[in-house]
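K.L.:
Structure in structure tokens, see below.
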Amino acid sequence: MSRPFVVSQQKLAEKLTILKDRGVGMLTRIYNIKKACGDTKSKPSFLSDKSLESSIKTVVRKFPNVDLKSLSNIHPIRGEIVKSLSLYYYTFVDLLDFKDHVSELLTTIDACQISLDITVNFQLCSLYLDLTTIYIQLMILLSRVDDRRAVLGLFNAAYEMSQNQADPSFPRLGQMVIDYDPPLKKLSEEFVPHTRTLTHALLSLSAVYPRRNLSADQWRAAQMLSLVSNPSQLLNPAHTDTMPCEYLSLETLEKWIVFGFLLCHTFLSHEAAMDLWSLALNSSWTTVLFRDEVIYTHSYVQTYFESIKGYGKKVGEVKDCYNTAVTTAAANHRERRKFLRTALKELVLICSDQPGLLGPKALFVFMGLCFSRDEIYWLLRHNENPPPRQGKVKLQEDLVDRYLPELLFHMEELRSLVRKYSQVIQRYYVQYLAGYDAVALAQMIQTTSVTSEEDNVLLSSICQKISELSVDNVEDPDHVFDFMGLRLDWARLQSYLSSGKNPVLEQQRDLAALLNTVSFHTRMVDNLDEMIIETSDLSLFCFYSKFFEDNFQMCLEFPAQNRFIIAFPLICGHFSNITNELCPEERIHIRERSLSVINLFLDEMSKEAKNIITTVCDEQCTLSDRLLPKHCAPMIAQVVNKKKRDKTPKKLEFEKPGWESYRKTREDLTTMDKLHMALTELCYAINYCATISVWEYTFAPREYLHQHLETRFSRALAGMVMYSPETSEIAKPSELLNSVKAYMNVLQCVENYVNIDITRVFNNVLLQQTQQSDSAGEPTIASRYTQWYSDVLLRRVSAGHICFSNTLRSFVSLSAEGAIPFNAEEFTDPTELRSLAELLGPYGIKLLNETLMWHIQSQVTELRKLVLLNKEILIALRTNFDKPDIMKELFKRLQNVDSVLQRMTIIGVILCFRELIQDALSTQLEERIPFLTSSIKDFHCHAGSPHESSLVAELACASGYNSKVDPALLATLKQTPGPKVETDEEYLTSCLLMVFTAVSIPKLARSESSTYQAQLEGHSNNIHCLAMAVNQLLGCLFSLGGHDDIEDRLKEFLALASSSLLRLGQEGAREDIRNRESVYILLHQIVQVSPFLSMDLLESCFPYSLLRNSYHSVHRVVQPGAVTA
């Protein structure tokens, strides 16, 4: 006699849960094998080897009975084959093992006479239907693996060659592959014993599926998902008797119905079954196998039904359903998405304003998420898999949704609200469970008659568990809620109370409804994250990458949806949810895919925002440029000319700056209006969240924009300089500064849209622009202007036609030749140099100074060579300065006198230009940082020790202030290249250079271009710059000598120069020394600018009357009528 069959000992709930999870893992592995075998790059190489082609064909043709003698050519690579195919082979072995366990469990459930009803024993029924569907999907997916016979046959052959025996699992495995090819016939035969249980479960869906598959109009009529449709019920908890069914996936329901009735097709003669079947087939033309693997439902069913005799009518019905699906399904789902966009927006607005409603209305939130997820998945599948026969119906418009980003965004908003206010939801449901559910359950237990003591124990433990809950647990950070055991107990109870001919739960529906509600409420406390994933996970986008990226691009190009574009990067955070622990190898690929896609999306969003900002900046720069004074000239000329032509002037009409701001109506949107609107929308998206977490990485959308703006600003600055090496053209510093300020004003406005620190952009970029090159290695504003001023402007000054004017404090073009291709004064007047100082700042000016010092250093090196060439003569000149005849003879023997004067003049020009730059810098800094500059000046005036003095002098030099001895020039001269010489020798060379310069000055009087321009306070050939060269250069050289005799040496210079100049009056023809007076003035200028010499010294060695007469003479040339003898 057989022992009685005890349901509680079969552990049906546990087995269903474990096998379902195992089945999903098996689906993942088979899916990946199918993808690998379908891709020539990832499939094992020998499957594509031409030399093995005949052997593989033999294996496939004779499978599963393969003669090893005909496969001799695989013997040498048998080890490689076993190694490469073992993962594939043993996955199929695992599938065989899974099949055995499923068959055993389904048989056990039949033997226990379990009655499944989705509205009563939800967990048990859904697990059963899930497991059945997964099993069917696995077998169909197996039949679609292209190289399954080749893989199994080759592995077994290679294994047998290596081990001298076939793999033990191979005979059954081979038979399974043959039996399930095609799979439906075998599956139908296999499920004949399980038909009663399966059909009972499927027919229970009649209470759920029809109301889940409603049209948008029916949703509107029922005011579905609306919290305010009935204000009096606003605070009441959302409740139904079948709460877990309310957020059940529509895709899952349709899979259950299609695959379930496909195997139990004989039951389709029942009206209820046929209604469900027709409704499911009318809703779509594809059914999901796994991820992006789908079957065309109608053609698949039709092919199977056509193989069964007497099913002609059913084939016709399937064809009718297909026509209905193609004609109406896409439009129905489009309308549903349209409804959900509005419904979810309303939910978001109300719940964000009143987060407390998330407690009582949590069911509505999860229903809204689930409905939206279903519609998005439907669109994904059907867009990628259009119907094979469309007829005259055009579906493309309904399968492309330009407003999809809005729905995705509202889903993300709801998800974030649930996470943000999770404690609000927990507090609400902890009180609900303890204060209502526990009391109701306790009362129901007393009135309910259950069959066994074990059932009573489970019910009592559930009641006790929820009655012990307290709000304090929510506020305790160390307390972790875990109701997984409670829900498993309820699943066990469902199996115990649903067995036999008169299942208890069927008679105690109130108990089932209450416990289903308790199960939902516990999930609101301990399982919120899982609930969010279950109802709104969009990780399927990972496998529809083209659709995903196309919709992102479409959203980027559609301004009305720009603000919702952040949903796409947020969805990349879902991709980690789709991985399975039974297939760890795919985690790497999905992870890489997630990271690359979110990086692409955030980069594209920031690029688009950057492009819009750039366009606005360019327009603002143009408008700002039109306000420059130079644009007034045409208007003034137009007014003057019209007055001359017409004595009665008419009203002049010309376009003035600012006309673009006049508006006649608000409807007339300009391009700038549209750009600002687009920028506002896009920046809203970028600013929506500070960070996005994807796997273990954190992405900051604002940082992407920050980097793009930084790069763009840097490139824009380089472009604004407009430097052309071929034509030596460059933008005027004042105009460049005007454009930069206009650009910065626009960028500053970006802070109104996005929470980023634009000042950091300015600091990073503008600081880089003061260096030789930026972070990308590109030339900067500082390097461009340094190159232009040193290599273009100063070279042209040295070439003539440009003079340094002390009066105007700039370089001035003296002739038309000097003004081509640019006017020197337009780039060197105080306004321009102050603009340059503002652009470059102290760092950039320091770079310019270093370049100028390098040029001076190269001139000094050449001067030293010339001194050494004339060393003996110069020593003699120095010792015989009071002997005119000897001096005259010695001077005639000097070589390269003109070269010395020219090089000293060049040094003087450079130092004069540097003085202008320093003045501009100090003026600029005094405006910007007056308190700091006043402190620097104070230090400079009251420096203590020599070491302190040198440090303060460097500080003052960097701030634009002058010292007696220029620290920058001093540092440069210390580093003069060439062989090192003794200090005394260097000192002697410096003294001889002083002598060389002093005795050469009179020669300047013979030059035609040495004319003194009184109005400019300078000589035409810039010899007045010698004053700066003599004082600065010789001061530094004697300072380096270490004798502390700068004043003595310069007195010596003055004595030598004055005696040499006084001899000019004793020389011959006036024509030879036509510019004698101009050179006398030079001597006066040397003393004027010197911090070491005084007028008393000058008068002691040079008559002041000569100077007075010289000034009188040069001014009379300028104003002959105004000056009398």
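Just remember, in the structure tokens the first chain shown is A, the second B, etc., residues are 1-based per chain, and ligands are 1-based in the order shown.
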List the neighbours of Met176 of chain A out to 10 Å using only C-alpha atoms; skip same-chain residues closer than 6 positions along the sequence, and give me the result as JSON, numbers by chain.
P.N.:
{"A": [92, 95, 96, 99, 139, 142, 170, 183, 186]}
K.L.:
Take the residues that were just selected and, keeping C-alpha atoms, output them as a PDB file, in the first residue's frame.
P.N.:
ATOM      1  CA  PHE A  92      22.932  22.145 -22.905  1.00  0.00           C
ATOM      2  CA  LEU A  95      19.255  22.495 -19.799  1.00  0.00           C
ATOM      3  CA  LEU A  96      18.564  18.759 -19.873  1.00  0.00           C
ATOM      4  CA  LYS A  99      14.015  19.926 -18.073  1.00  0.00           C
ATOM      5  CA  MET A 139      12.827  24.883 -25.860  1.00  0.00           C
ATOM      6  CA  LEU A 142      17.072  25.972 -28.235  1.00  0.00           C
ATOM      7  CA  PHE A 170      25.163  12.855 -24.970  1.00  0.00           C
ATOM      8  CA  PRO A 183       9.534  22.172 -30.402  1.00  0.00           C
ATOM      9  CA  LYS A 186       6.779  17.599 -28.542  1.00  0.00           C
TER      10      LYS A 186
END
K.L.:
Neighbours of Val474 of chain A within 12 Å (only C-alpha atoms; same-chain residues fewer than 3 positions away dropped), as an NGL selection string?
P.N.:
:A and (422-431 or 469-471 or 477-481 or 525-526)
K.L.:
Could you tell me, as a ChimeraX atom specification, which residues of segment 923-1097 of chain A DSSP assigns to alpha helix (DSSP H) when given the backbone?
P.N.:
/A:923-928,930-941,946-958,967-974,983-1000,1026-1041,1046-1062,1076-1089,1095-1097
K.L.:
Fewer than 2 positions away in the same chain doesn't count, so skip those; otherwise give me all residues within 9 Å of Phe891 of chain A, counting only C-alpha atoms, as a count of residues only.
P.N.:
12
K.L.:
Which residue out of A:Ser188, A:Thr252, A:Asn502, A:Ser86 has the minimum interatomic distance to Gln113 of chain A when only C-alpha atoms are used?
P.N.:
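Nearest candidate to Gln113 of chain A out of A:Ser188, A:Thr252, A:Asn502, A:Ser86: A:Asn502.
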K.L.:
Need to verify the contact set: Asn962 of chain A, 9 Å, only C-alpha atoms, exclusion of same-chain residues closer than 2 positions in sequence. Can you return it as a ChimeraX atom specification?
P.N.:
/A:915,918-919,953,956-957,960,964-966
K.L.:
For N, CA, C and O atoms, I'd like the residues from the last selection saved as a tab-separated table (two decimals), in the first residue's frame.
P.N.:
chain	number	residue	atom	x	y	z
A	915	GLU	N	58.50	99.64	-20.94
A	915	GLU	CA	58.03	100.65	-19.99
A	915	GLU	C	56.56	100.96	-20.21
A	915	GLU	O	55.78	101.10	-19.27
A	918	GLN	N	54.61	98.05	-18.84
A	918	GLN	CA	54.60	98.07	-17.38
A	918	GLN	C	53.65	99.15	-16.85
A	918	GLN	O	52.92	98.93	-15.88
A	919	ASP	N	53.66	100.32	-17.48
A	919	ASP	CA	52.73	101.39	-17.08
A	919	ASP	C	51.28	100.94	-17.23
A	919	ASP	O	50.44	101.19	-16.36
A	953	ALA	N	61.75	94.20	-5.28
A	953	ALA	CA	61.89	94.72	-6.65
A	953	ALA	C	61.25	93.78	-7.66
A	953	ALA	O	60.60	94.22	-8.62
A	956	ALA	N	57.54	94.20	-7.31
A	956	ALA	CA	57.12	95.46	-7.93
A	956	ALA	C	57.16	95.35	-9.45
A	956	ALA	O	56.27	95.86	-10.15
A	957	CYS	N	58.19	94.69	-9.97
A	957	CYS	CA	58.32	94.51	-11.43
A	957	CYS	C	57.14	93.72	-11.98
A	957	CYS	O	56.57	94.07	-13.02
A	960	GLY	N	54.20	95.92	-12.36
A	960	GLY	CA	54.27	97.01	-13.33
A	960	GLY	C	55.00	98.24	-12.84
A	960	GLY	O	54.95	99.28	-13.49
A	964	LYS	N	65.23	101.15	-9.72
A	964	LYS	CA	66.46	101.77	-10.24
A	964	LYS	C	67.20	100.80	-11.15
A	964	LYS	O	67.69	101.15	-12.21
A	965	VAL	N	67.32	99.58	-10.66
A	965	VAL	CA	67.94	98.51	-11.45
A	965	VAL	C	66.84	97.49	-11.76
A	965	VAL	O	66.24	96.92	-10.85
A	966	ASP	N	66.57	97.29	-13.05
A	966	ASP	CA	65.48	96.41	-13.47
A	966	ASP	C	65.77	94.96	-13.09
A	966	ASP	O	66.73	94.36	-13.59
K.L.:
Ranking A:Asp147, A:Leu235, A:Ser934, A:Gln772 by minimum distance to Val60 of chain A and counting only C-alpha atoms, which one comes first?
P.N.:
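Going through A:Asp147, A:Leu235, A:Ser934, A:Gln772 one by one, the smallest distance to Val60 of chain A is for A:Asp147.
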K.L.:
Which one of A:Asn687, A:Thr286, A:Thr780, A:Asn641 sits closest to Val721 of chain A if you count only C-alpha atoms?
P.N.:
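Of all the options, A:Thr780 lies closest to Val721 of chain A.
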K.L.:
Quick check, in Å to one decimal: how far apart do atom CA of Pro967 of chain A and atom CA of Gln1088 of chain A lie?
P.N.:
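Straight-line distance from atom CA of Pro967 of chain A to atom CA of Gln1088 of chain A works out to 21.0 Å.
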K.L.:
Which residue out of A:Pro634, A:Gly260, A:Pro657, A:Pro405 has the minimum interatomic distance to Met554 of chain A when only C-alpha atoms are used?
P.N.:
A:Pro405
K.L.:
Which polymer residues have any atom within 8 Å of an atom of Ala1057 of chain A, counting only C-alpha atoms, with same-chain residues fewer than 6 positions away left out, as a list in words?
P.N.:
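Non-adjacent residues within range: Ala998, Val999, Ile1001, Pro1002 and Leu1083 of chain A.
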K.L.:
Please produce a file of the residues just selected, as a JSON list (two decimals), in the first residue's frame, where the atoms kept are N, CA and C atoms.
P.N.:
[["chain", "number", "residue", "atom", "x", "y", "z"],
["A", 998, "ALA", "N", 79.59, 105.82, -25.31],
["A", 998, "ALA", "CA", 79.77, 107.25, -25.05],
["A", 998, "ALA", "C", 80.51, 107.95, -26.19],
["A", 999, "VAL", "N", 81.60, 107.32, -26.66],
["A", 999, "VAL", "CA", 82.40, 107.98, -27.70],
["A", 999, "VAL", "C", 81.75, 107.87, -29.07],
["A", 1001, "ILE", "N", 78.38, 108.28, -29.62],
["A", 1001, "ILE", "CA", 77.18, 109.13, -29.71],
["A", 1001, "ILE", "C", 77.35, 110.28, -30.69],
["A", 1002, "PRO", "N", 78.51, 110.98, -30.71],
["A", 1002, "PRO", "CA", 78.63, 112.10, -31.66],
["A", 1002, "PRO", "C", 78.42, 111.69, -33.12],
["A", 1083, "LEU", "N", 71.74, 113.86, -24.97],
["A", 1083, "LEU", "CA", 72.51, 113.84, -23.73],
["A", 1083, "LEU", "C", 71.63, 114.30, -22.56]]
K.L.:
For Cys632 of chain A, find every residue with an atom within 12 Å (counting only C-alpha atoms), except residues of its own chain fewer than 4 positions away, and show them as a PyMOL selection string.
P.N.:
chain A and resi 625-628+636-639+654-657
K.L.:
Show me, as a CSV table (one decimal) with N, CA and C atoms, in the first residue's frame, the residues that have an atom within 9 Å of Leu766 of chain A when counting only C-alpha atoms, minus same-chain residues fewer than 3 positions from it.
P.N.:
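Written file, out.csv:
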chain,number,residue,atom,x,y,z
A,714,SER,N,38.1,78.4,-24.9
A,714,SER,CA,39.5,78.5,-25.2
A,714,SER,C,39.8,78.6,-26.7
A,717,LEU,N,38.6,82.1,-28.0
A,717,LEU,CA,39.6,83.2,-27.7
A,717,LEU,C,40.8,83.1,-28.7
A,761,VAL,N,35.3,78.3,-15.2
A,761,VAL,CA,35.6,78.3,-16.6
A,761,VAL,C,36.5,79.4,-17.0
A,762,PHE,N,36.1,80.6,-16.5
A,762,PHE,CA,36.9,81.8,-16.8
A,762,PHE,C,38.3,81.7,-16.3
A,763,ASN,N,38.3,81.3,-15.0
A,763,ASN,CA,39.7,81.2,-14.3
A,763,ASN,C,40.6,80.2,-15.0
A,769,GLN,N,45.4,81.2,-21.0
A,769,GLN,CA,45.7,82.1,-22.0
A,769,GLN,C,46.8,83.1,-21.7
A,770,THR,N,47.3,83.1,-20.5
A,770,THR,CA,48.4,83.9,-20.1
A,770,THR,C,49.7,83.1,-20.2
A,839,LEU,N,43.9,91.7,-20.7
A,839,LEU,CA,43.7,90.3,-21.3
A,839,LEU,C,44.8,89.4,-20.8
A,840,LEU,N,46.0,89.8,-20.8
A,840,LEU,CA,47.1,88.9,-20.4
A,840,LEU,C,47.3,88.8,-18.9
K.L.:
For atom CA of Met904 of chain A and atom CA of Leu863 of chain A, quote the distance in Å rounded to one decimal.
P.N.:
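Atom CA of Leu863 of chain A lies at a distance of 8.3 Å from atom CA of Met904 of chain A.
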K.L.:
Counting only C-alpha atoms, what are the residues of segment 378-496 of chain A within 8 Å of segment 561-574 of chain A, and for each of them which pair of atoms is the nearest and at what distance in Å, to one decimal? Sort the table by chain and rising number, as JSON lines.
P.N.:
{"residue": "A:Tyr403", "atom": "CA", "partner": "A:Gln561", "partner_atom": "CA", "distance": 6.8}
{"residue": "A:Pro405", "atom": "CA", "partner": "A:Phe564", "partner_atom": "CA", "distance": 5.6}
{"residue": "A:Glu406", "atom": "CA", "partner": "A:Phe564", "partner_atom": "CA", "distance": 5.5}
{"residue": "A:Leu408", "atom": "CA", "partner": "A:Ala567", "partner_atom": "CA", "distance": 5.9}
{"residue": "A:Phe409", "atom": "CA", "partner": "A:Ala567", "partner_atom": "CA", "distance": 4.9}
{"residue": "A:Glu412", "atom": "CA", "partner": "A:Ala567", "partner_atom": "CA", "distance": 6.7}
